[in-house]
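Please read the structure below before turning to the comments.
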Amino acid sequence: MRNGKTENKRSKEVVRNTKDAKPVRRRSFGEQSKRKRERQFWNKISVWVGIFLFPAIFLYYEILFKLFGGIAPGNAVALLFFVLAAGGLAQVIYLLLPGRTLRYRYTLIVLFITAVLFITECFVGRAFQTFMTFESLLTGAGDAAGDFGSTIVRTVIYGWYVILIYLIPVLLVWLLGERVIFKRKPLCRASLLVLAVSVLCFLGGNLAAIFSPVYRDGYQFDLSVRTFGLFTTLRLETANALMGGQNEDEFVAVEPGADDKDGQSGDGKQSGDDGKAGQNGESDAQGKSTEDSTDEAAQSAAQPEAKYGLNEMKIDFAALAASEKESVLKNLDLYLDSQKGTSQNEYTGLFKGKNLIMICAEAFSPYAVSEELTPTLYRLLHNGFYFSDYYQPAWGGSTSTGEYSMLTGLIPTAGVKSIRKTEGHNLYLSMGNQLSRLKYHSFAYHNNSHTYYGRNKTHKNFGYDVFMGMGNGMEKGVKNCWPQSDKEMMDFTVSQYIDKQPFSVYYMTVSGHCGYSLTSNSMSKKNWDAVQGVDASDTIKAYIASQLELEYGMKSLISQLEKAGILNDTVICMTSDHYPYGLEKGDTWGNDRNYLPELYGCSADEFNKFVQDRNGLVLWSGCLENDQKHMVKEISEPVYSLDILPTLSNLFGVEYDSRLLVGRDVFSDAVPLVIWPDYSWKTDQVTYNAATGSITEAEGADVSDEYIKKIKQMVKNRFNLSKATLNYDYWDKVFR
């Protein structure tokens, strides 16, 4: 009975629910057909997405990078194959993921992160005219945000459309949702097919790239980005980091030949010559073998004995190698043991005991110097040793790399973080340390933030007992504007050392920093009236006006030295940190065209990196205008910033070992060799462009293939020497 009541109750509830329920609307045949077509459409879309999504969008990113980064086409075939291979690998992971939701999230994350990487490098290239490793960007991120925040903001504001266009694929996937994503289980067969195609694309890319020096021994981040794109460069950079670089422990002693200057390459001993000085510290000036033919021996006997020794120290590299377990250092020891130091000469010790002022001048260029407008700079450039073919390679678009090359005589192989990696290192051969060991009073100054690039942690390590910048004392004598005044820095600091002789001083200036306009450069505005007679565009006038503050600062410095009666006893060595890249075309600096050809006085077609990096070197002392005037000479052979340290070491007569430095004493018999960060190089005979593999002989030169091969190997050796010295603190091993 109870069951019957219960059943009756349930029946009533069903009837009630049926009455309350809304009537079910049956879809018409047309509506069902429409929904079916929609499902089929999105299913087809998901199939295309499942096969081509990442290769297509990765290629889209690289094309935008070429357009927005201002990069000329590189190796387009290799780039295409490598991008498809990278996209295929990302697609394989997509296909193997289980479930639509996981694939959707993976797609959004990968596309967003990739877009951010491209946007970041794009803005870096637009702002600094070079691309930097992400490790370098992270290293300098705090400095950039603190000191050049306005530059970063301006770059982003002007380039807002770049961000938007790069994020279009991410926004589309986000808006369309999971409907464009496969909902099936992992597709192993499809993933194998895509993987096979990716491998073929990777092999094709290698075939297209294998003959490029950039892909092999001439790898360099910036050049690789320009040649093969960002995806390939990130792969190469990762591989180098995991595998310790490209043959960084490889050193091949290069034998000198008849093609070389005076029969010596400066990168290897002569056959039959042990490369050591004789009992009296002398060596054969021509480096001839003692077991040559009888005629040569007789001719040698008729000549006077060699007058000069070698710039070598008593270092037993063979013994160091015997006790070394690390292969890189062992090979470096053996390589250096096989080398012969550069010869001393009539200029050795010319400046012995004199004061030294070294200056790294922000964005300085000799093309801004004239006898009428900048008489002090003109005097210093032309009345001392005159370097008519001098270069400061753009080591990475950074002041710190220019400083590093000047102060260490080594290639900044770690980019902008090179100088920071020296923190705690034994910088035994820097001029600051060499002169400090001779009881010189030492000071270093910078008229911008004292913590920028970690100078407060590195510059005392270069041998300067005092380092002062804005924030730890400089603000007492220099106004806080942007950029700060070089003249105010000179006026404020000279009195701190001028009566403490002998002194060793280093300045890093800032007045010439970009941008170059009345609104972005306080020095351009300050000196604007002085450049109104210059026949040039307003941008060039603004640049020259900023450099006028350096002129006024140097005038003040010379005046104070002269007043103190020590002009003849003081040596001034000055060069630039890099070319004035703020004159190049770009939204960041507000330039509608590249103004560098105008400054350099050449056409846009003639302009290239070899022209771009032509710069000036001041090596001057009052004595060269007076009692040592007969020693003045023009150095017409190629010279660059790495030659500064060995040249000064020889001129000051300090004990140093030339084998440990990449550069050369310009007065020695070593082969003149200028090296660029992309493995390009120039000698007095040949200019080699690593980006294109082209060789341009100097007028009247006729060089052999063996000569080219030899110089290329010398360049590799010097890169690896620089890497090992920086990465392993090699000078500490030698001099501890």
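Just remember, in the structure tokens the first chain shown is A, the second B, etc., residues are 1-based per chain, and ligands are 1-based in the order shown.
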
Helix (DSSP H, G or I) residues, from DSSP on the backbone, in stretch 577-658 of chain A, as a compact mmCIF listing (two decimals) with C-alpha atoms, in the first residue's frame:
```txt
# COMPACT_ATOMS: atom_id res chain seq x y z
CA TYR A 581 75.51 55.51 -33.10
CA GLY A 582 72.96 58.07 -31.96
CA LEU A 583 73.28 59.62 -35.42
CA LEU A 596 76.76 59.35 -40.12
CA PRO A 597 77.66 59.66 -43.82
CA GLU A 598 77.12 63.40 -43.52
CA LEU A 599 79.44 63.58 -40.52
CA TYR A 600 82.06 61.38 -42.18
CA LYS A 609 81.33 49.04 -40.82
CA PHE A 610 84.98 49.71 -41.71
CA VAL A 611 84.15 53.35 -42.44
CA GLN A 612 81.78 53.53 -39.46
CA GLY A 622 104.02 68.45 -24.20
CA CYS A 623 107.51 67.02 -24.73
CA LEU A 624 106.52 65.97 -28.27
CA GLU A 625 106.05 69.63 -29.11
CA LYS A 629 109.76 66.82 -31.28
CA HIS A 630 112.13 64.76 -33.45
CA MET A 631 110.38 61.59 -32.22
CA SER A 641 91.95 50.31 -29.34
CA LEU A 642 93.56 47.00 -28.34
CA ASP A 643 96.94 48.41 -29.40
CA ILE A 644 96.77 51.17 -26.77
CA LEU A 645 97.83 49.09 -23.75
CA PRO A 646 100.91 47.43 -25.30
CA THR A 647 101.96 50.72 -26.93
CA LEU A 648 101.73 52.63 -23.65
CA SER A 649 103.49 49.82 -21.81
CA ASN A 650 106.41 50.07 -24.23
CA LEU A 651 106.51 53.87 -24.18
CA SER A 658 103.40 41.27 -25.12
```

Neighbour list for A:Ser198 as a ChimeraX atom specification, cut-off 6 Å, only C-alpha atoms, skip fewer than 2 positions in-chain: /A:85,88,195-196,200-201

Those same residues, written as a PDB file, in the first residue's frame with C-alpha atoms?
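Written file, again-v9.pdb:
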```pdb
ATOM      1  CA  ALA A  85      62.785  23.437 -38.450  1.00  0.00           C
ATOM      2  CA  GLY A  88      58.310  22.046 -36.678  1.00  0.00           C
ATOM      3  CA  LEU A 195      59.530  15.733 -37.011  1.00  0.00           C
ATOM      4  CA  ALA A 196      60.901  14.152 -40.183  1.00  0.00           C
ATOM      5  CA  LEU A 200      65.058  17.699 -43.397  1.00  0.00           C
ATOM      6  CA  CYS A 201      64.624  21.470 -43.033  1.00  0.00           C
TER       7      CYS A 201
END
```

Pairwise distance for atom CA of A:Tyr452 and atom CA of A:Phe221, rounded to one decimal in Å: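 Result for atom CA of A:Tyr452 versus atom CA of A:Phe221: 23.5 Å, one decimal.
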
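Residues within 12 Å of A:Asn456, counting only C-alpha atoms and excluding same-chain residues fewer than 2 positions away, are A:Ile419, A:Arg420, A:Glu423, A:Ala444, A:Tyr445, A:His446, A:Asn448, A:Ser449, A:His450, A:Thr451, A:Tyr452, A:Tyr453, A:Gly454, A:Thr458, A:His459, A:Lys460, A:Asn461, A:Phe462, A:Tyr464, A:Asp465, A:Val466, A:Phe467, A:Met468, A:Gly469, A:Met470, A:Gly471, A:Asn472.
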
Stretch 359-371 of chain A environment, 9 Å, only C-alpha atoms, sequence neighbours closer than 2 positions dropped, as a ChimeraX atom specification: /A:357,373-379,381,399,402-403,406,505-514,540,543-544,547-548,550,572-582,599-601,614-617

Keeping only N, CA and C atoms, write those residues as a tab-separated table (two decimals), in the first residue's frame.
```tsv
chain	number	residue	atom	x	y	z
A	357	ILE	N	97.48	60.41	-18.27
A	357	ILE	CA	96.03	60.65	-18.21
A	357	ILE	C	95.39	59.91	-19.38
A	373	LEU	N	87.12	75.28	-34.74
A	373	LEU	CA	86.10	75.13	-33.70
A	373	LEU	C	86.62	74.39	-32.47
A	374	THR	N	87.50	73.42	-32.67
A	374	THR	CA	88.01	72.62	-31.54
A	374	THR	C	89.55	72.61	-31.60
A	375	PRO	N	90.19	73.74	-31.37
A	375	PRO	CA	91.65	73.82	-31.52
A	375	PRO	C	92.43	72.93	-30.57
A	376	THR	N	91.93	72.71	-29.36
A	376	THR	CA	92.65	71.87	-28.40
A	376	THR	C	92.65	70.41	-28.85
A	377	LEU	N	91.49	69.91	-29.24
A	377	LEU	CA	91.41	68.53	-29.72
A	377	LEU	C	92.22	68.36	-31.00
A	378	TYR	N	92.19	69.35	-31.86
A	378	TYR	CA	92.98	69.29	-33.10
A	378	TYR	C	94.47	69.22	-32.77
A	379	ARG	N	94.89	70.02	-31.83
A	379	ARG	CA	96.30	70.03	-31.42
A	379	ARG	C	96.72	68.66	-30.89
A	381	LEU	N	95.35	65.71	-31.41
A	381	LEU	CA	95.29	64.67	-32.44
A	381	LEU	C	96.48	64.75	-33.41
A	399	THR	N	79.32	51.38	-24.14
A	399	THR	CA	80.49	52.09	-23.64
A	399	THR	C	81.44	51.12	-22.94
A	402	GLY	N	83.95	49.31	-25.15
A	402	GLY	CA	85.03	50.19	-25.59
A	402	GLY	C	86.04	50.42	-24.48
A	403	GLU	N	85.55	50.62	-23.27
A	403	GLU	CA	86.44	50.77	-22.12
A	403	GLU	C	87.29	49.52	-21.93
A	406	MET	N	90.15	49.12	-24.39
A	406	MET	CA	91.19	50.11	-24.15
A	406	MET	C	92.02	49.77	-22.92
A	505	VAL	N	95.89	58.67	-14.14
A	505	VAL	CA	94.49	59.10	-14.07
A	505	VAL	C	93.70	58.52	-15.23
A	506	TYR	N	92.47	58.14	-14.95
A	506	TYR	CA	91.57	57.65	-16.01
A	506	TYR	C	90.24	58.40	-15.94
A	507	TYR	N	89.80	58.89	-17.10
A	507	TYR	CA	88.51	59.58	-17.22
A	507	TYR	C	87.60	58.81	-18.18
A	508	MET	N	86.34	58.65	-17.79
A	508	MET	CA	85.29	58.21	-18.70
A	508	MET	C	84.31	59.36	-18.80
A	509	THR	N	84.25	60.01	-19.99
A	509	THR	CA	83.41	61.20	-20.15
A	509	THR	C	81.98	60.81	-20.53
A	510	VAL	N	81.08	61.81	-20.56
A	510	VAL	CA	79.69	61.49	-20.90
A	510	VAL	C	79.01	62.59	-21.72
A	511	SER	N	79.62	63.76	-21.86
A	511	SER	CA	78.95	64.88	-22.52
A	511	SER	C	78.51	64.58	-23.94
A	512	GLY	N	79.23	63.72	-24.63
A	512	GLY	CA	78.91	63.43	-26.02
A	512	GLY	C	77.87	62.36	-26.23
A	513	HIS	N	77.18	61.95	-25.16
A	513	HIS	CA	76.21	60.86	-25.28
A	513	HIS	C	74.99	61.29	-26.09
A	514	CYS	N	74.45	60.35	-26.88
A	514	CYS	CA	73.23	60.63	-27.63
A	514	CYS	C	72.03	60.67	-26.69
A	540	ILE	N	73.60	67.13	-36.88
A	540	ILE	CA	75.07	67.13	-36.83
A	540	ILE	C	75.56	68.29	-35.98
A	543	TYR	N	75.28	67.28	-32.44
A	543	TYR	CA	76.35	66.34	-32.06
A	543	TYR	C	77.66	67.08	-31.81
A	544	ILE	N	78.04	67.96	-32.73
A	544	ILE	CA	79.29	68.72	-32.58
A	544	ILE	C	79.22	69.59	-31.33
A	547	GLN	N	80.11	67.61	-28.37
A	547	GLN	CA	81.54	67.34	-28.33
A	547	GLN	C	82.34	68.60	-27.95
A	548	LEU	N	81.75	69.77	-28.13
A	548	LEU	CA	82.43	71.00	-27.71
A	548	LEU	C	82.69	71.01	-26.20
A	550	LEU	N	83.63	68.48	-24.47
A	550	LEU	CA	84.90	67.77	-24.33
A	550	LEU	C	86.06	68.69	-24.69
A	572	ILE	N	98.97	62.34	-22.46
A	572	ILE	CA	97.51	62.22	-22.60
A	572	ILE	C	97.21	61.20	-23.69
A	573	CYS	N	96.44	60.21	-23.33
A	573	CYS	CA	96.01	59.18	-24.29
A	573	CYS	C	94.48	59.17	-24.28
A	574	MET	N	93.88	59.42	-25.44
A	574	MET	CA	92.43	59.51	-25.50
A	574	MET	C	91.89	58.85	-26.76
A	575	THR	N	90.82	58.09	-26.60
A	575	THR	CA	90.09	57.55	-27.74
A	575	THR	C	88.62	57.46	-27.38
A	576	SER	N	87.82	56.97	-28.32
A	576	SER	CA	86.38	56.88	-28.11
A	576	SER	C	85.99	55.50	-27.58
A	577	ASP	N	84.80	55.42	-27.01
A	577	ASP	CA	84.27	54.12	-26.61
A	577	ASP	C	83.60	53.42	-27.79
A	578	HIS	N	83.02	54.21	-28.70
A	578	HIS	CA	82.36	53.67	-29.89
A	578	HIS	C	82.00	54.83	-30.81
A	579	TYR	N	81.61	54.51	-32.02
A	579	TYR	CA	81.19	55.55	-32.96
A	579	TYR	C	79.88	56.19	-32.47
A	580	PRO	N	79.52	57.36	-32.91
A	580	PRO	CA	78.29	58.02	-32.45
A	580	PRO	C	77.04	57.39	-33.07
A	581	TYR	N	76.64	56.24	-32.51
A	581	TYR	CA	75.51	55.51	-33.10
A	581	TYR	C	74.19	56.26	-32.95
A	582	GLY	N	74.17	57.27	-32.10
A	582	GLY	CA	72.96	58.07	-31.96
A	582	GLY	C	72.65	58.92	-33.17
A	599	LEU	N	78.35	63.25	-41.43
A	599	LEU	CA	79.44	63.58	-40.52
A	599	LEU	C	80.79	63.15	-41.09
A	600	TYR	N	80.81	61.94	-41.68
A	600	TYR	CA	82.06	61.38	-42.18
A	600	TYR	C	82.47	61.95	-43.53
A	601	GLY	N	81.55	62.63	-44.19
A	601	GLY	CA	81.87	63.20	-45.49
A	601	GLY	C	81.94	62.19	-46.60
A	614	ARG	N	85.99	53.98	-38.13
A	614	ARG	CA	87.17	54.85	-38.21
A	614	ARG	C	87.06	55.90	-37.11
A	615	ASN	N	88.12	56.07	-36.35
A	615	ASN	CA	88.04	56.99	-35.22
A	615	ASN	C	89.38	57.68	-35.04
A	616	GLY	N	89.59	58.26	-33.89
A	616	GLY	CA	90.82	58.99	-33.63
A	616	GLY	C	91.47	58.54	-32.33
A	617	LEU	N	92.79	58.59	-32.29
A	617	LEU	CA	93.55	58.27	-31.09
A	617	LEU	C	94.50	59.42	-30.79
```

Near-A:Leu187 list (10 Å; only C-alpha atoms; drop same-chain fewer than 4 positions) as number ranges by chain: A: 50, 92, 94-98, 182, 191-192

Atomic separation - atom CA of A:Leu660 relative to atom CA of A:Gly341, Å: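 Separating atom CA of A:Gly341 from atom CA of A:Leu660 is a distance of 9.0 Å.
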